[in-house]
file run-v3.pdb (PDB, C-alpha atoms)
ATOM      1  CA  MET A   1      -3.973  21.494 -12.644
ATOM      2  CA  LEU A   2      -3.925  22.062  -8.876
ATOM      3  CA  PRO A   3      -1.121  22.600  -6.403
ATOM      4  CA  ALA A   4      -0.765  19.539  -4.187
ATOM      5  CA  LEU A   5      -1.236  21.959  -1.270
ATOM      6  CA  THR A   6      -4.887  22.358  -2.288
ATOM      7  CA  ILE A   7      -5.548  18.683  -1.687
ATOM      8  CA  PHE A   8      -3.626  18.733   1.576
ATOM      9  CA  VAL A   9      -5.908  21.583   2.715
ATOM     10  CA  VAL A  10      -8.965  19.497   1.816
ATOM     11  CA  TYR A  11      -7.561  16.575   3.787
ATOM     12  CA  ALA A  12      -6.812  18.856   6.746
ATOM     13  CA  MET A  13     -10.349  20.287   6.771
ATOM     14  CA  LEU A  14     -11.763  16.766   6.878
ATOM     15  CA  THR A  15      -9.181  15.283   9.212
ATOM     16  CA  ILE A  16      -9.110  17.861  12.023
ATOM     17  CA  PRO A  17     -12.772  17.417  13.105
ATOM     18  CA  ALA A  18     -12.393  13.635  12.909
ATOM     19  CA  ALA A  19      -9.192  13.783  14.941
ATOM     20  CA  ILE A  20     -10.825  15.866  17.691
ATOM     21  CA  VAL A  21     -13.229  12.999  18.337
ATOM     22  CA  GLY A  22     -11.234  10.034  17.080
ATOM     23  CA  ILE A  23      -7.926  10.538  18.881
ATOM     24  CA  PRO A  24      -9.413  10.752  22.413
ATOM     25  CA  TRP A  25     -11.612   7.753  21.643
ATOM     26  CA  THR A  26      -8.620   5.748  20.435
ATOM     27  CA  LEU A  27      -6.460   6.757  23.394
ATOM     28  CA  LEU A  28      -9.210   5.777  25.839
ATOM     29  CA  THR A  29     -10.247   2.498  24.230
ATOM     30  CA  GLY A  30      -7.109   1.372  22.395
ATOM     31  CA  ASP A  31      -9.406   0.619  19.431
ATOM     32  CA  ILE A  32      -8.232   2.060  16.102
ATOM     33  CA  SER A  33     -11.168   0.792  14.006
ATOM     34  CA  LEU A  34     -13.240   3.997  14.265
ATOM     35  CA  VAL A  35     -10.338   6.224  13.203
ATOM     36  CA  TYR A  36      -9.311   3.779  10.476
ATOM     37  CA  GLY A  37     -12.806   3.812   8.977
ATOM     38  CA  TRP A  38     -12.892   7.612   8.998
ATOM     39  CA  ALA A  39      -9.437   7.762   7.415
ATOM     40  CA  MET A  40     -10.594   5.590   4.511
ATOM     41  CA  ARG A  41     -13.626   7.831   3.937
ATOM     42  CA  ILE A  42     -11.441  10.943   4.034
ATOM     43  CA  MET A  43      -9.099   9.423   1.450
ATOM     44  CA  ARG A  44     -12.043   8.700  -0.856
ATOM     45  CA  LEU A  45     -13.373  12.246  -0.505
ATOM     46  CA  GLY A  46      -9.913  13.712  -1.081
ATOM     47  CA  THR A  47      -9.359  11.854  -4.335
ATOM     48  CA  ARG A  48     -12.808  12.876  -5.570
ATOM     49  CA  ALA A  49     -12.086  16.509  -4.701
ATOM     50  CA  ALA A  50      -8.907  16.240  -6.761
ATOM     51  CA  GLY A  51     -10.883  15.155  -9.814
ATOM     52  CA  ILE A  52      -9.438  11.639  -9.737
ATOM     53  CA  ARG A  53     -11.574   8.877 -11.220
ATOM     54  CA  ILE A  54     -10.866   5.292 -10.223
ATOM     55  CA  GLU A  55     -11.384   2.209 -12.369
ATOM     56  CA  ALA A  56     -10.891  -0.942 -10.302
ATOM     57  CA  GLU A  57     -10.860  -4.430 -11.793
ATOM     58  CA  ARG A  58     -11.034  -7.418  -9.454
ATOM     59  CA  ARG A  59     -10.159 -10.529 -11.421
ATOM     60  CA  THR A  60     -10.953 -13.032  -8.648
ATOM     61  CA  PRO A  61     -13.191 -12.668  -5.569
ATOM     62  CA  LEU A  62     -11.211 -12.753  -2.320
ATOM     63  CA  ASP A  63     -12.150 -14.837   0.702
ATOM     64  CA  PRO A  64     -13.045 -12.410   3.550
ATOM     65  CA  ALA A  65     -11.893 -15.008   6.090
ATOM     66  CA  GLN A  66      -8.420 -15.233   4.520
ATOM     67  CA  ARG A  67      -5.486 -12.891   5.186
ATOM     68  CA  TYR A  68      -3.635 -11.548   2.146
ATOM     69  CA  LEU A  69      -0.361  -9.862   1.293
ATOM     70  CA  PHE A  70      -1.064  -7.178  -1.331
ATOM     71  CA  LEU A  71       1.989  -6.347  -3.471
ATOM     72  CA  SER A  72       1.746  -3.339  -5.787
ATOM     73  CA  ASN A  73       3.909  -1.259  -8.080
ATOM     74  CA  HIS A  74       4.404   2.379  -7.027
ATOM     75  CA  ILE A  75       4.409   5.383  -9.362
ATOM     76  CA  SER A  76       3.001   8.349  -7.413
ATOM     77  CA  ASN A  77       2.278   9.737  -3.946
ATOM     78  CA  LEU A  78      -1.364   9.327  -4.935
ATOM     79  CA  ASP A  79      -1.104   5.535  -4.917
ATOM     80  CA  PRO A  80      -1.687   4.962  -1.157
ATOM     81  CA  PRO A  81      -4.805   7.172  -0.753
ATOM     82  CA  ILE A  82      -6.279   5.656  -3.917
ATOM     83  CA  LEU A  83      -5.443   2.035  -3.164
ATOM     84  CA  LEU A  84      -5.987   1.686   0.598
ATOM     85  CA  PRO A  85      -9.768   2.399   0.605
ATOM     86  CA  LEU A  86     -10.215  -0.273  -2.085
ATOM     87  CA  LEU A  87      -8.757  -3.032   0.076
ATOM     88  CA  PRO A  88     -11.117  -5.179   2.166
ATOM     89  CA  GLY A  89     -10.900  -4.899   5.930
ATOM     90  CA  ARG A  90      -8.037  -3.395   7.900
ATOM     91  CA  VAL A  91      -4.665  -3.177   6.212
ATOM     92  CA  SER A  92      -1.211  -2.551   7.637
ATOM     93  CA  VAL A  93       1.656  -0.918   5.761
ATOM     94  CA  PHE A  94       5.410  -0.608   6.241
ATOM     95  CA  ILE A  95       6.608   2.733   7.666
ATOM     96  CA  LYS A  96       9.914   4.291   8.677
ATOM     97  CA  ARG A  97      10.623   3.458  12.310
ATOM     98  CA  SER A  98      11.245   7.139  13.073
ATOM     99  CA  LEU A  99       7.538   7.867  12.480
ATOM    100  CA  THR A 100       6.572   5.676  15.429
ATOM    101  CA  ARG A 101       8.418   8.082  17.732
ATOM    102  CA  LEU A 102       6.133  11.009  16.867
ATOM    103  CA  PRO A 103       3.806  12.109  19.700
ATOM    104  CA  ILE A 104       0.221  10.811  19.388
ATOM    105  CA  LEU A 105       0.619   9.972  15.673
ATOM    106  CA  GLY A 106       3.244   7.374  16.488
ATOM    107  CA  TYR A 107       0.968   5.834  19.102
ATOM    108  CA  GLY A 108      -1.849   5.716  16.558
ATOM    109  CA  MET A 109       0.423   3.971  14.060
ATOM    110  CA  LYS A 110       1.272   1.348  16.660
ATOM    111  CA  LEU A 111      -2.422   0.769  17.388
ATOM    112  CA  ALA A 112      -3.009   0.446  13.640
ATOM    113  CA  ASN A 113      -0.365  -2.305  13.558
ATOM    114  CA  PHE A 114       1.778  -0.415  11.060
ATOM    115  CA  ILE A 115       5.084  -2.206  10.577
ATOM    116  CA  PRO A 116       8.259  -0.225  11.411
ATOM    117  CA  VAL A 117      11.225  -0.602   9.074
ATOM    118  CA  ASP A 118      14.853   0.334   9.659
ATOM    119  CA  ARG A 119      16.387   1.254   6.311
ATOM    120  CA  ASP A 120      19.949   0.601   7.387
ATOM    121  CA  GLY A 121      20.581  -2.292   5.026
ATOM    122  CA  ARG A 122      21.298  -4.767   7.840
ATOM    123  CA  VAL A 123      20.038  -8.335   7.501
ATOM    124  CA  GLU A 124      18.929  -8.283  11.144
ATOM    125  CA  SER A 125      16.720  -5.246  10.497
ATOM    126  CA  ALA A 126      15.110  -6.893   7.482
ATOM    127  CA  LYS A 127      14.415 -10.061   9.475
ATOM    128  CA  ALA A 128      12.877  -8.016  12.294
ATOM    129  CA  SER A 129      10.496  -6.312   9.848
ATOM    130  CA  VAL A 130       9.478  -9.644   8.325
ATOM    131  CA  GLU A 131       8.814 -11.091  11.792
ATOM    132  CA  ALA A 132       6.764  -8.025  12.772
ATOM    133  CA  ALA A 133       4.710  -8.292   9.575
ATOM    134  CA  ALA A 134       4.104 -11.992  10.178
ATOM    135  CA  GLN A 135       2.777 -11.197  13.662
ATOM    136  CA  VAL A 136       0.473  -8.525  12.235
ATOM    137  CA  MET A 137      -0.978 -10.970   9.715
ATOM    138  CA  ALA A 138      -1.397 -13.604  12.421
ATOM    139  CA  SER A 139      -3.530 -11.068  14.329
ATOM    140  CA  GLY A 140      -5.979 -10.909  11.405
ATOM    141  CA  VAL A 141      -4.756  -7.811   9.539
ATOM    142  CA  ASP A 142      -3.792  -7.790   5.854
ATOM    143  CA  VAL A 143      -0.530  -6.190   4.715
ATOM    144  CA  LEU A 144       0.138  -3.896   1.747
ATOM    145  CA  SER A 145       3.643  -3.390   0.376
ATOM    146  CA  PHE A 146       4.820  -1.323  -2.576
ATOM    147  CA  VAL A 147       7.152  -4.020  -3.738
ATOM    148  CA  GLU A 148       9.688  -1.857  -5.598
ATOM    149  CA  GLY A 149      10.559  -0.086  -2.346
ATOM    150  CA  THR A 150      10.295   3.380  -3.900
ATOM    151  CA  ARG A 151       8.340   5.319  -6.497
ATOM    152  CA  SER A 152       9.323   4.917 -10.126
ATOM    153  CA  ARG A 153      10.379   8.232 -11.680
ATOM    154  CA  ASN A 154       9.320   7.289 -15.204
ATOM    155  CA  GLY A 155       6.457   4.898 -14.448
ATOM    156  CA  ARG A 156       8.359   1.802 -15.571
ATOM    157  CA  LEU A 157       8.419  -1.224 -13.306
ATOM    158  CA  LEU A 158      11.533  -1.296 -11.104
ATOM    159  CA  PRO A 159      13.344  -4.309  -9.596
ATOM    160  CA  PHE A 160      11.481  -5.814  -6.651
ATOM    161  CA  LYS A 161      12.670  -5.867  -3.048
ATOM    162  CA  LYS A 162      13.163  -9.322  -1.536
ATOM    163  CA  GLY A 163      11.587  -8.660   1.871
ATOM    164  CA  PRO A 164       7.923  -9.156   0.904
ATOM    165  CA  PHE A 165       8.771 -12.507  -0.665
ATOM    166  CA  TYR A 166      10.583 -13.678   2.464
ATOM    167  CA  LEU A 167       7.377 -12.759   4.303
ATOM    168  CA  ALA A 168       5.183 -14.640   1.828
ATOM    169  CA  MET A 169       7.318 -17.791   1.909
ATOM    170  CA  GLU A 170       7.570 -17.731   5.709
ATOM    171  CA  THR A 171       3.850 -17.278   6.373
ATOM    172  CA  GLY A 172       2.392 -19.041   3.327
ATOM    173  CA  VAL A 173      -0.156 -16.223   3.077
ATOM    174  CA  PRO A 174      -1.563 -15.758  -0.459
ATOM    175  CA  VAL A 175      -0.110 -12.849  -2.406
ATOM    176  CA  VAL A 176      -2.455 -10.566  -4.359
ATOM    177  CA  PRO A 177      -0.521  -8.749  -7.113
ATOM    178  CA  VAL A 178      -1.856  -5.237  -7.753
ATOM    179  CA  SER A 179      -1.219  -3.110 -10.847
ATOM    180  CA  ILE A 180      -1.571   0.683 -10.701
ATOM    181  CA  SER A 181      -1.423   2.911 -13.763
ATOM    182  CA  GLY A 182      -2.545   6.443 -14.564
ATOM    183  CA  THR A 183      -1.318   8.143 -11.402
ATOM    184  CA  GLU A 184       2.156   8.606 -12.895
ATOM    185  CA  SER A 185       0.769  11.467 -15.018
ATOM    186  CA  MET A 186      -1.321  13.013 -12.216
ATOM    187  CA  MET A 187       1.465  13.617  -9.718
ATOM    188  CA  LYS A 188       5.009  12.739 -10.721
ATOM    189  CA  LYS A 189       7.795  11.947  -8.280
ATOM    190  CA  GLY A 190       9.258  15.218  -6.984
ATOM    191  CA  SER A 191       6.370  17.320  -8.326
ATOM    192  CA  VAL A 192       3.974  19.483  -6.290
ATOM    193  CA  ARG A 193       1.456  19.746  -9.129
ATOM    194  CA  LEU A 194      -1.632  17.579  -9.292
ATOM    195  CA  TYR A 195      -3.600  16.859 -12.460
ATOM    196  CA  PRO A 196      -7.073  15.276 -12.612
ATOM    197  CA  GLY A 197      -7.275  11.956 -14.405
ATOM    198  CA  THR A 198      -8.202   8.303 -14.222
ATOM    199  CA  ALA A 199      -6.354   5.771 -12.096
ATOM    200  CA  ARG A 200      -6.646   2.139 -13.129
ATOM    201  CA  ILE A 201      -6.229  -0.528 -10.463
ATOM    202  CA  VAL A 202      -6.120  -4.252 -11.256
ATOM    203  CA  PHE A 203      -6.372  -6.813  -8.451
ATOM    204  CA  HIS A 204      -5.028 -10.074  -9.851
ATOM    205  CA  ALA A 205      -5.842 -13.608  -8.744
ATOM    206  CA  PRO A 206      -3.987 -14.656  -5.582
ATOM    207  CA  VAL A 207      -0.595 -16.291  -5.989
ATOM    208  CA  TYR A 208       0.087 -19.077  -3.475
ATOM    209  CA  PRO A 209       3.662 -19.305  -2.126
ATOM    210  CA  GLY A 210       3.317 -23.060  -1.588
ATOM    211  CA  ASP A 211       3.121 -23.530  -5.357
ATOM    212  CA  TYR A 212       6.713 -22.307  -5.789
ATOM    213  CA  ALA A 213       9.952 -23.980  -4.779
ATOM    214  CA  THR A 214      11.945 -20.785  -4.311
ATOM    215  CA  ARG A 215      11.495 -17.149  -3.421
ATOM    216  CA  GLU A 216      12.810 -16.189  -6.854
ATOM    217  CA  GLU A 217      10.130 -18.213  -8.642
ATOM    218  CA  LEU A 218       7.441 -16.577  -6.520
ATOM    219  CA  MET A 219       8.885 -13.134  -7.266
ATOM    220  CA  GLU A 220       8.870 -13.837 -11.009
ATOM    221  CA  ALA A 221       5.231 -14.965 -10.892
ATOM    222  CA  VAL A 222       4.149 -11.844  -8.995
ATOM    223  CA  ARG A 223       6.135  -9.569 -11.303
ATOM    224  CA  SER A 224       4.567 -11.160 -14.386
ATOM    225  CA  ALA A 225       1.093 -10.695 -12.911
ATOM    226  CA  ILE A 226       1.660  -7.030 -12.023
ATOM    227  CA  ALA A 227       3.195  -6.344 -15.443
ATOM    228  CA  SER A 228       0.233  -7.952 -17.218
ATOM    229  CA  GLY A 229      -2.057  -5.275 -15.774
ATOM    230  CA  LEU A 230       0.126  -2.372 -16.935
ATOM    231  CA  PRO A 231       0.496  -0.694 -20.326
ATOM    232  CA  LYS A 232       3.413  -2.240 -22.248
ATOM    233  CA  TRP A 233       5.639   0.811 -21.821
ATOM    234  CA  MET A 234       5.416   0.506 -18.022
ATOM    235  CA  ARG A 235       6.394  -3.158 -17.741
ATOM    236  CA  GLY A 236      10.156  -2.743 -17.431
ATOM    237  CA  GLU A 237      12.971  -4.131 -19.548
ATOM    238  CA  ASP A 238      13.493  -7.290 -17.476
ATOM    239  CA  THR A 239       9.813  -8.248 -17.391
ATOM    240  CA  PRO A 240       8.453 -10.834 -19.841
ATOM    241  CA  GLN A 241       6.237  -9.128 -22.385
TER     242      GLN A 241
END

call {"tool": "encode", "arguments": {"input": "run-v3.pdb", "output": "structure tokens"}}
result
Amino acid sequence: MLPALTIFVVYAMLTIPAAIVGIPWTLLTGDISLVYGWAMRIMRLGTRAAGIRIEAERRTPLDPAQRYLFLSNHISNLDPPILLPLLPGRVSVFIKRSLTRLPILGYGMKLANFIPVDRDGRVESAKASVEAAAQVMASGVDVLSFVEGTRSRNGRLLPFKKGPFYLAMETGVPVVPVSISGTESMMKKGSVRLYPGTARIVFHAPVYPGDYATREELMEAVRSAIASGLPKWMRGEDTPQ
């Protein structure tokens, strides 16, 4: 058992030297690829330092020329640093809009094509986020969304947010359902303790929005796929067993 602070220190020791070189380079060139590649390596090293083993199952090869929308369940703060380095190519994620206003870091997030979200519940805000994500994918960058919109406290699958499915239906981009399990016992929601263990990641076969008449049918198909890669106790009461 380790305090989460220990891992943050490891990340800081690796990140600061990279930032000294990477940030000026990015500011001068406007190219985020160097920093992005370093960030993925740092995430891999950090999870190894934490004693986290990763078992990844890819059920169908993905076309490197195709853009994808990765939709995953979310059970721990460890999910992003474990999952992101496993995804092919550059990936964008949804972030709080307030983060884009931070000095330097906010600029870097914009260069990385991260998608700002206003969590004010307004339909206009949701539409703006979907449009921004569609533009990002059109530029050749994949998108990752934790489809429940928050971390599950008990590991069980929560109801899905509608936004990612609006995005999928609007763009027609294939959806790759992703199942994460194991991290719920390594670092629980609200905890500052980190336990070594094994994270299991399942990348399911792509789901094609054009095969479904409605957003709800697409959502049900993605939910069933994600649930199929989880232990039964994690699948949620409203998920077909």

call {"tool": "atom_distance", "arguments": {"input": "run-v3.pdb", "atom1": "CA of Ala225 (chain A)", "atom2": "CA of His204 (chain A)"}}
result
6.9 Å

call {"tool": "closest_residue", "arguments": {"input": "run-v3.pdb", "among": "A:Ile23, A:Met187, A:Ala227, A:Val202", "to": "Leu86 (chain A)", "atoms": "all atoms listed in the file"}}
result
A:Val202

call {"tool": "residues_near_point", "arguments": {"input": "run-v3.pdb", "point": "(11.4, -6.8, 0.9)", "cutoff": "10 Å", "atoms": "all atoms listed in the file", "output": "PyMOL selection string"}}
result
chain A and resi 126-127+129-130+145-149+160-167

call {"tool": "atom_distance", "arguments": {"input": "run-v3.pdb", "atom1": "CA of Val141 (chain A)", "atom2": "CA of Ser92 (chain A)"}}
result
6.6 Å

call {"tool": "closest_residue", "arguments": {"input": "run-v3.pdb", "among": "A:Ser72, A:Ser98, A:Asn154, A:Asn113", "to": "Asp142 (chain A)", "atoms": "only C-alpha atoms"}}
result
A:Asn113

call {"tool": "atom_distance", "arguments": {"input": "run-v3.pdb", "atom1": "CA of Pro116 (chain A)", "atom2": "CA of Leu158 (chain A)"}}
result
22.8 Å

call {"tool": "axis_aligned_box", "arguments": {"input": "run-v3.pdb", "around": "region 149-155 of chain A", "padding_each_side": "8 Å", "output": "AutoDock Vina command-line options"}}
result
--center_x 8.5 --center_y 4.1 --center_z -8.8 --size_x 20.1 --size_y 24.3 --size_z 28.9

call {"tool": "resolve_selection", "arguments": {"input": "run-v3.pdb", "expression": "the PyMOL selection byres ((chain A and resi 205-214) around 12)", "output": "PyMOL selection string"}}
result
chain A and resi 57-63+66-71+162+164-179+202-204+215-226+228-229

call {"tool": "residues_around", "arguments": {"input": "run-v3.pdb", "residues": "Met234 (chain A)", "least_positions_apart": "5", "cutoff": "6 Å", "atoms": "all atoms listed in the file", "output": "ChimeraX atom specification"}}
result
/A:155-157

call {"tool": "residues_around", "arguments": {"input": "run-v3.pdb", "residues": "Ala199 (chain A)", "least_positions_apart": "4", "cutoff": "7 Å", "atoms": "all atoms listed in the file", "output": "list of chain:residue names"}}
result
A:Arg53, A:Ile54, A:Glu55, A:Ser181, A:Gly182, A:Thr183

call {"tool": "residues_around", "arguments": {"input": "run-v3.pdb", "residues": "Met186 (chain A)", "least_positions_apart": "3", "cutoff": "8 Å", "atoms": "all atoms listed in the file", "output": "list in words"}}
result
Ser76, Gly182, Thr183, Arg193, Leu194, Tyr195, Pro196 and Gly197 of chain A

call {"tool": "residues_around", "arguments": {"input": "run-v3.pdb", "residues": "Leu27 (chain A)", "least_positions_apart": "2", "cutoff": "12 Å", "atoms": "all atoms listed in the file", "output": "PyMOL selection string"}}
result
chain A and resi 19-25+29-32+34-35+104-111

call {"tool": "resolve_selection", "arguments": {"input": "run-v3.pdb", "expression": "the PyMOL selection byres ((chain A and resi 82) around 8)", "output": "ChimeraX atom specification"}}
result
/A:43-44,47,54,78-81,83-86

call {"tool": "residues_around", "arguments": {"input": "run-v3.pdb", "residues": "Ser33 (chain A)", "least_positions_apart": "5", "cutoff": "9 Å", "atoms": "all atoms listed in the file", "output": "PyMOL selection string"}}
result
chain A and resi 26+38+90+112
